[in-house]
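*Asks:* Sharing a structure with you now.
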Amino acid sequence: MTDRSAAALEAQESFEVHKEKVDLLHSKAVGLIGVLFLTVTGAAPMSAMLGNVPFGSGFGNGIYIPAAFLLATIVLTIFSVGFAAMAQKVSSVGGFYSYISLGLGRDMGMAAGMASFVSYSVFEASLCGLFAYFGNAWVQTHLGLNIPWICFAVFMIALISVLSYRDVQLSVKILGVALVLEVIILVIFDAGAIFSSTSNFNAEALNVFNVNTPVAAQKVGDVDIAAGAAAVGIFMAFWSWVGFEMAPNYAEESRDPKRIIPLSLYYSVIGLGLFYIFTSWCAISSYPTEGDMLAKAVKDSGNFLLTPIGQNVGRWAEELMNILILTSSFACGMAFHNTAARYAYSLGREGVFLRVLGKTHPTFKSPYVASTVQSVLALIWVGLFAIFLGTDDPNAQAYVAIYTMLAILGTMLLLI
């Protein structure tokens, strides 16, 4: 063992011995299902499909977006082997910060912890952009009102702040209901695509060896499609998983962390992978031709899945999906908020950040100070976009700028 590793391990043991002196989270509050709800909701199957598949296919690798999900499944499963092994050795709310500190020294650990905190902090703001885009569209379609998207984003941040202030068990219940409902509607979407006479399933879309094939510049009807970048499709696929790796951050609140955390990692990676591959394949196959699919992805990305489910299943399913994308993006943002707060809490508890961030609520045992700070930061991220870009174009400002750009920034930090 290196001197750095020995020092880090000694620090970990010191914390274990003196942990009664710090504010602790709600111990043994959640089981395996609860951890899965907290993490898989962060990956957000509904938001991943409605938000990432159109962008990844239209501006990335076209029909090979399912192959990108297959590639990501393989890579992340391999990663999970090592990550699960670490989770069996160390049970700490610090996640990457704790593991990297023990393996590479506290300096590297602090850098990773800060980068991870920023990642999840901007992820919450990113999902506020998606929520605001679909919220504005729903209100405009059903009520005839054009409410600025910033109002929806601020509402989401405020409600998440209130809910996350309380016990983690409340978050589990809310996220669990949202996750079950969004999985059900996506299964209905898949069934509609399978039994539709206009669907065009092509096994080539699953060819992982062609995943680096970009969209070619072309014109479909009146839609000009620019040459894509295959890396965009691959990147959006990996972004769709972000959240599964949050499981170790709930180690101190789970009933049997050395068993639950590794299992939740494997279940979420492989389960999400199979679901993403098949649903993205159904999504691009819902259009008669590749040109039709690309035109929809580029010109009307928000309805990329909504239009097919309305045609194949019925108007009721389209309306339900319209509502569930709001609950999905909200739940996803809430999951990221919880993880960002726990990173800030962990870093505050150990004196890297201000120690006040390491305080927990006397009744709820939630990291309420860190949670409040994260809410303020989310408001700042969203507010800066509103100030510099305006609030009159939900597609360009809320969807493309906030959701996509912050997702790319956060995912880059997390992959690093």
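A note on labels: chains of the structure tokens are A, B, ... as shown, every chain counts residues from 1, and ligands are counted from 1 in their shown order.
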Excluding Ile402 of chain A and residues on its chain fewer than 3 positions from it, collect all residues at most 10 Å away from it, counting only C-alpha atoms, and give them as a list in words.

*Replies:* Val122, Phe123, Ala125, Ser126, Leu127, Cys128, Gly129, Leu130, Ala132, Tyr133, Trp381, Val382, Leu384, Phe385, Ala386, Pro394, Asn395, Ala396, Gln397, Ala398, Tyr399, Met405, Leu406, Ala407 and Ile408 of chain A

*Asks:* Take the selection from the previous step and output its residues with C-alpha atoms, as a PDB file, in the first residue's frame.

*Replies:*
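Writing the result to out_18.pdb gives the following:
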```pdb
ATOM      1  CA  VAL A 122     -25.723  21.427 -13.148  1.00  0.00           C
ATOM      2  CA  PHE A 123     -27.640  18.205 -13.883  1.00  0.00           C
ATOM      3  CA  ALA A 125     -30.534  22.732 -13.692  1.00  0.00           C
ATOM      4  CA  SER A 126     -30.350  20.768 -16.939  1.00  0.00           C
ATOM      5  CA  LEU A 127     -33.521  18.834 -16.098  1.00  0.00           C
ATOM      6  CA  CYS A 128     -35.220  22.094 -15.170  1.00  0.00           C
ATOM      7  CA  GLY A 129     -34.709  23.089 -18.805  1.00  0.00           C
ATOM      8  CA  LEU A 130     -36.415  19.919 -20.042  1.00  0.00           C
ATOM      9  CA  ALA A 132     -39.700  23.972 -18.573  1.00  0.00           C
ATOM     10  CA  TYR A 133     -39.754  23.117 -22.299  1.00  0.00           C
ATOM     11  CA  TRP A 381     -27.450  28.252 -13.327  1.00  0.00           C
ATOM     12  CA  VAL A 382     -30.945  28.606 -14.776  1.00  0.00           C
ATOM     13  CA  LEU A 384     -27.851  33.015 -16.021  1.00  0.00           C
ATOM     14  CA  PHE A 385     -29.276  31.346 -19.135  1.00  0.00           C
ATOM     15  CA  ALA A 386     -32.466  33.389 -18.800  1.00  0.00           C
ATOM     16  CA  PRO A 394     -38.398  27.451 -25.021  1.00  0.00           C
ATOM     17  CA  ASN A 395     -36.889  25.210 -27.709  1.00  0.00           C
ATOM     18  CA  ALA A 396     -33.651  27.151 -28.208  1.00  0.00           C
ATOM     19  CA  GLN A 397     -33.243  28.386 -24.639  1.00  0.00           C
ATOM     20  CA  ALA A 398     -34.717  25.719 -22.347  1.00  0.00           C
ATOM     21  CA  TYR A 399     -34.270  22.538 -24.410  1.00  0.00           C
ATOM     22  CA  MET A 405     -25.515  22.090 -22.969  1.00  0.00           C
ATOM     23  CA  LEU A 406     -25.555  21.568 -19.199  1.00  0.00           C
ATOM     24  CA  ALA A 407     -25.985  17.821 -19.740  1.00  0.00           C
ATOM     25  CA  ILE A 408     -22.860  17.789 -21.897  1.00  0.00           C
TER      26      ILE A 408
END
```

*Asks:* Which parts of segment 112-355 of chain A does DSSP call strand (DSSP E or B) when run on the backbone here, written out as a list of chain:residue names?

*Replies:*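 Restricting segment 112-355 of chain A to strand (DSSP E or B) produces A:Gln218, A:Lys219, A:Val220, A:Val223, A:Asp224, A:Ile225, A:Ser254.
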
*Asks:* Please produce a file of the residues just selected, as an mmCIF file, in the first residue's frame, where the atoms kept are N, CA and C atoms.

*Replies:*
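For reference, selection07.cif as written:
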```cif
data_model
loop_
_atom_site.group_PDB
_atom_site.id
_atom_site.type_symbol
_atom_site.label_atom_id
_atom_site.label_comp_id
_atom_site.auth_asym_id
_atom_site.auth_seq_id
_atom_site.Cartn_x
_atom_site.Cartn_y
_atom_site.Cartn_z
ATOM 1 N N GLN A 218 -28.271 16.129 -45.802
ATOM 2 C CA GLN A 218 -29.317 15.808 -46.770
ATOM 3 C C GLN A 218 -30.501 16.744 -46.601
ATOM 4 N N LYS A 219 -31.420 16.681 -47.539
ATOM 5 C CA LYS A 219 -32.640 17.477 -47.465
ATOM 6 C C LYS A 219 -33.823 16.522 -47.575
ATOM 7 N N VAL A 220 -34.699 16.561 -46.592
ATOM 8 C CA VAL A 220 -35.895 15.720 -46.582
ATOM 9 C C VAL A 220 -37.100 16.640 -46.614
ATOM 10 N N VAL A 223 -36.966 20.141 -44.957
ATOM 11 C CA VAL A 223 -36.073 20.129 -43.792
ATOM 12 C C VAL A 223 -34.630 19.888 -44.235
ATOM 13 N N ASP A 224 -33.760 20.836 -43.942
ATOM 14 C CA ASP A 224 -32.334 20.694 -44.234
ATOM 15 C C ASP A 224 -31.657 20.021 -43.044
ATOM 16 N N ILE A 225 -31.051 18.873 -43.280
ATOM 17 C CA ILE A 225 -30.388 18.117 -42.218
ATOM 18 C C ILE A 225 -28.882 18.250 -42.383
ATOM 19 N N SER A 254 -28.724 3.221 3.629
ATOM 20 C CA SER A 254 -29.293 1.927 3.233
ATOM 21 C C SER A 254 -29.127 0.902 4.350
#
```

*Asks:* Looking at only C-alpha atoms, which of A:Asp292, A:Glu350, A:Asp190, A:Glu318 is the one that sits closest to Phe275 of chain A?

*Replies:*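 That would be A:Asp190, the residue with the smallest distance to Phe275 of chain A.
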
*Asks:* Within 9 Å of segment 66-81 of chain A, counting only C-alpha atoms, which residues show up once you throw out same-chain ones fewer than 2 positions away? Write them as a CSV table (one decimal) with N, CA and C atoms, in the first residue's frame, please.

*Replies:*
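Saved file selection-v9.csv follows:
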```csv
chain,number,residue,atom,x,y,z
A,53,VAL,N,-32.8,10.7,-27.3
A,53,VAL,CA,-32.9,9.9,-28.5
A,53,VAL,C,-33.1,10.8,-29.8
A,61,ASN,N,-25.7,10.0,-34.8
A,61,ASN,CA,-25.4,8.8,-35.6
A,61,ASN,C,-26.7,8.2,-36.2
A,63,ILE,N,-29.7,6.3,-37.4
A,63,ILE,CA,-30.3,5.0,-37.1
A,63,ILE,C,-29.5,4.2,-36.1
A,64,TYR,N,-28.2,4.6,-35.9
A,64,TYR,CA,-27.4,3.8,-35.0
A,64,TYR,C,-27.4,4.2,-33.6
A,83,PHE,N,-16.6,-0.8,-9.7
A,83,PHE,CA,-17.3,0.1,-8.8
A,83,PHE,C,-18.0,-0.6,-7.7
A,84,ALA,N,-18.6,-1.8,-8.1
A,84,ALA,CA,-19.3,-2.6,-7.1
A,84,ALA,C,-18.3,-3.2,-6.1
A,85,ALA,N,-17.1,-3.5,-6.6
A,85,ALA,CA,-16.1,-4.1,-5.7
A,85,ALA,C,-15.7,-3.0,-4.6
A,86,MET,N,-15.6,-1.8,-5.1
A,86,MET,CA,-15.2,-0.7,-4.1
A,86,MET,C,-16.3,-0.5,-3.1
A,204,GLU,N,-29.9,-3.6,-38.6
A,204,GLU,CA,-28.6,-2.9,-38.8
A,204,GLU,C,-28.5,-1.8,-37.7
A,205,ALA,N,-29.6,-1.3,-37.2
A,205,ALA,CA,-29.5,-0.2,-36.2
A,205,ALA,C,-28.8,-0.7,-34.9
A,206,LEU,N,-28.7,-2.0,-34.7
A,206,LEU,CA,-28.1,-2.6,-33.5
A,206,LEU,C,-26.6,-2.9,-33.7
A,207,ASN,N,-26.1,-2.7,-34.9
A,207,ASN,CA,-24.7,-3.0,-35.3
A,207,ASN,C,-23.8,-2.1,-34.6
A,208,VAL,N,-23.2,-2.5,-33.5
A,208,VAL,CA,-22.3,-1.7,-32.7
A,208,VAL,C,-21.0,-1.3,-33.4
A,209,PHE,N,-20.7,-2.1,-34.4
A,209,PHE,CA,-19.5,-1.8,-35.1
A,209,PHE,C,-19.6,-0.6,-36.1
A,210,ASN,N,-20.9,-0.2,-36.3
A,210,ASN,CA,-21.1,1.0,-37.1
A,210,ASN,C,-21.6,2.2,-36.3
A,211,VAL,N,-21.4,2.1,-35.0
A,211,VAL,CA,-21.9,3.2,-34.1
A,211,VAL,C,-21.3,4.5,-34.4
A,212,ASN,N,-20.1,4.5,-35.0
A,212,ASN,CA,-19.4,5.8,-35.3
A,212,ASN,C,-19.8,6.3,-36.7
A,233,GLY,N,-24.2,11.2,-30.7
A,233,GLY,CA,-25.1,10.1,-30.4
A,233,GLY,C,-24.5,9.2,-29.3
A,234,ILE,N,-23.3,9.0,-29.3
A,234,ILE,CA,-22.6,8.1,-28.3
A,234,ILE,C,-22.7,8.9,-27.0
A,235,PHE,N,-22.4,10.1,-27.0
A,235,PHE,CA,-22.4,11.0,-25.8
A,235,PHE,C,-23.8,11.0,-25.1
A,236,MET,N,-24.8,11.2,-26.0
A,236,MET,CA,-26.2,11.2,-25.4
A,236,MET,C,-26.6,9.9,-24.9
A,237,ALA,N,-26.0,8.8,-25.4
A,237,ALA,CA,-26.3,7.5,-24.9
A,237,ALA,C,-25.7,7.4,-23.5
A,238,PHE,N,-24.5,7.7,-23.3
A,238,PHE,CA,-23.9,7.7,-22.0
A,238,PHE,C,-24.6,8.6,-21.0
A,240,SER,N,-27.6,9.2,-20.8
A,240,SER,CA,-28.9,8.6,-20.4
A,240,SER,C,-28.7,7.7,-19.2
A,241,TRP,N,-27.5,7.3,-18.8
A,241,TRP,CA,-27.3,6.4,-17.7
A,241,TRP,C,-26.9,7.2,-16.4
A,245,GLU,N,-24.8,5.6,-11.0
A,245,GLU,CA,-23.6,5.6,-10.2
A,245,GLU,C,-23.8,6.3,-8.9
A,262,PRO,N,-23.8,-2.8,-4.4
A,262,PRO,CA,-23.4,-3.5,-5.6
A,262,PRO,C,-24.5,-4.0,-6.5
A,265,LEU,N,-26.2,-1.4,-8.5
A,265,LEU,CA,-25.4,-0.9,-9.7
A,265,LEU,C,-25.6,-1.9,-10.8
A,266,TYR,N,-25.6,-3.2,-10.6
A,266,TYR,CA,-25.7,-4.2,-11.7
A,266,TYR,C,-27.1,-4.1,-12.2
A,269,VAL,N,-27.6,-0.8,-14.3
A,269,VAL,CA,-26.9,-0.7,-15.6
A,269,VAL,C,-27.4,-1.7,-16.6
A,270,ILE,N,-27.6,-2.9,-16.2
A,270,ILE,CA,-28.0,-3.9,-17.2
A,270,ILE,C,-29.5,-3.8,-17.5
A,272,LEU,N,-31.4,-1.0,-17.3
A,272,LEU,CA,-31.6,0.2,-18.1
A,272,LEU,C,-31.1,0.0,-19.5
A,273,GLY,N,-29.9,-0.7,-19.6
A,273,GLY,CA,-29.3,-1.0,-20.9
A,273,GLY,C,-30.3,-1.7,-21.9
A,274,LEU,N,-30.8,-2.8,-21.4
A,274,LEU,CA,-31.7,-3.6,-22.3
A,274,LEU,C,-33.0,-2.7,-22.6
A,276,TYR,N,-33.2,0.6,-22.7
A,276,TYR,CA,-32.9,1.7,-23.6
A,276,TYR,C,-32.6,1.2,-25.0
A,277,ILE,N,-31.9,0.1,-25.1
A,277,ILE,CA,-31.6,-0.4,-26.5
A,277,ILE,C,-32.9,-0.7,-27.2
A,278,PHE,N,-33.9,-1.4,-26.6
A,278,PHE,CA,-35.1,-1.8,-27.3
A,278,PHE,C,-36.0,-0.6,-27.5
A,279,THR,N,-36.2,0.3,-26.5
A,279,THR,CA,-37.1,1.5,-26.7
A,279,THR,C,-36.5,2.5,-27.7
A,280,SER,N,-35.2,2.7,-27.8
A,280,SER,CA,-34.7,3.6,-28.8
A,280,SER,C,-34.8,3.0,-30.2
A,281,TRP,N,-34.7,1.7,-30.3
A,281,TRP,CA,-34.9,1.0,-31.5
A,281,TRP,C,-36.4,1.1,-32.0
A,284,ILE,N,-36.9,4.9,-33.3
A,284,ILE,CA,-36.5,5.3,-34.7
A,284,ILE,C,-37.2,4.4,-35.7
```

*Asks:* Just give me the gap between atom CA of Trp138 of chain A and atom CA of Trp239 of chain A in Å, one decimal is fine.

*Replies:*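 A separation of 25.2 Å between them.
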
*Asks:* Work out how far apart atom CA of Trp149 of chain A and atom CA of Tyr403 of chain A are and give it in Å to one decimal.

*Replies:*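 It comes out at 12.4 Å.
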
*Asks:* Within 12 Å of Lys296 of chain A, counting only C-alpha atoms, which residues show up once you throw out same-chain ones fewer than 2 positions away? Write them as a PyMOL selection string, please.

*Replies:* chain A and resi 53-55+57-59+62+220-225+283-284+286-294+298-308

*Asks:* Any chance you could tabulate, as a tab-separated table, the residues of segment 183-210 of chain A at most 12 Å from segment 323-335 of chain A with each one's nearest atom pair and distance in Å to one decimal, using only C-alpha atoms, in chain and rising number order?

*Replies:*
```
residue	atom	partner	partner_atom	distance
A:Val183	CA	A:Leu324	CA	9.9
A:Ile184	CA	A:Leu324	CA	10.2
A:Ile185	CA	A:Leu324	CA	8.1
A:Leu186	CA	A:Leu324	CA	10.1
```

*Asks:* Can you pull out every residue from segment 50-254 of chain A that DSSP, working from the backbone, puts in helix (DSSP H, G or I), and format the result as a ChimeraX atom specification?

*Replies:* /A:50-89,96-104,106-143,149-164,168-194,203-206,208-210,230-239,244-253

*Asks:* Let me make sure I understand: among A:Thr141, A:Gly60, A:Gly410, A:Leu320, which one has the smallest atom-to-atom distance to Ala297 of chain A if we use only C-alpha atoms?

*Replies:* A:Gly60
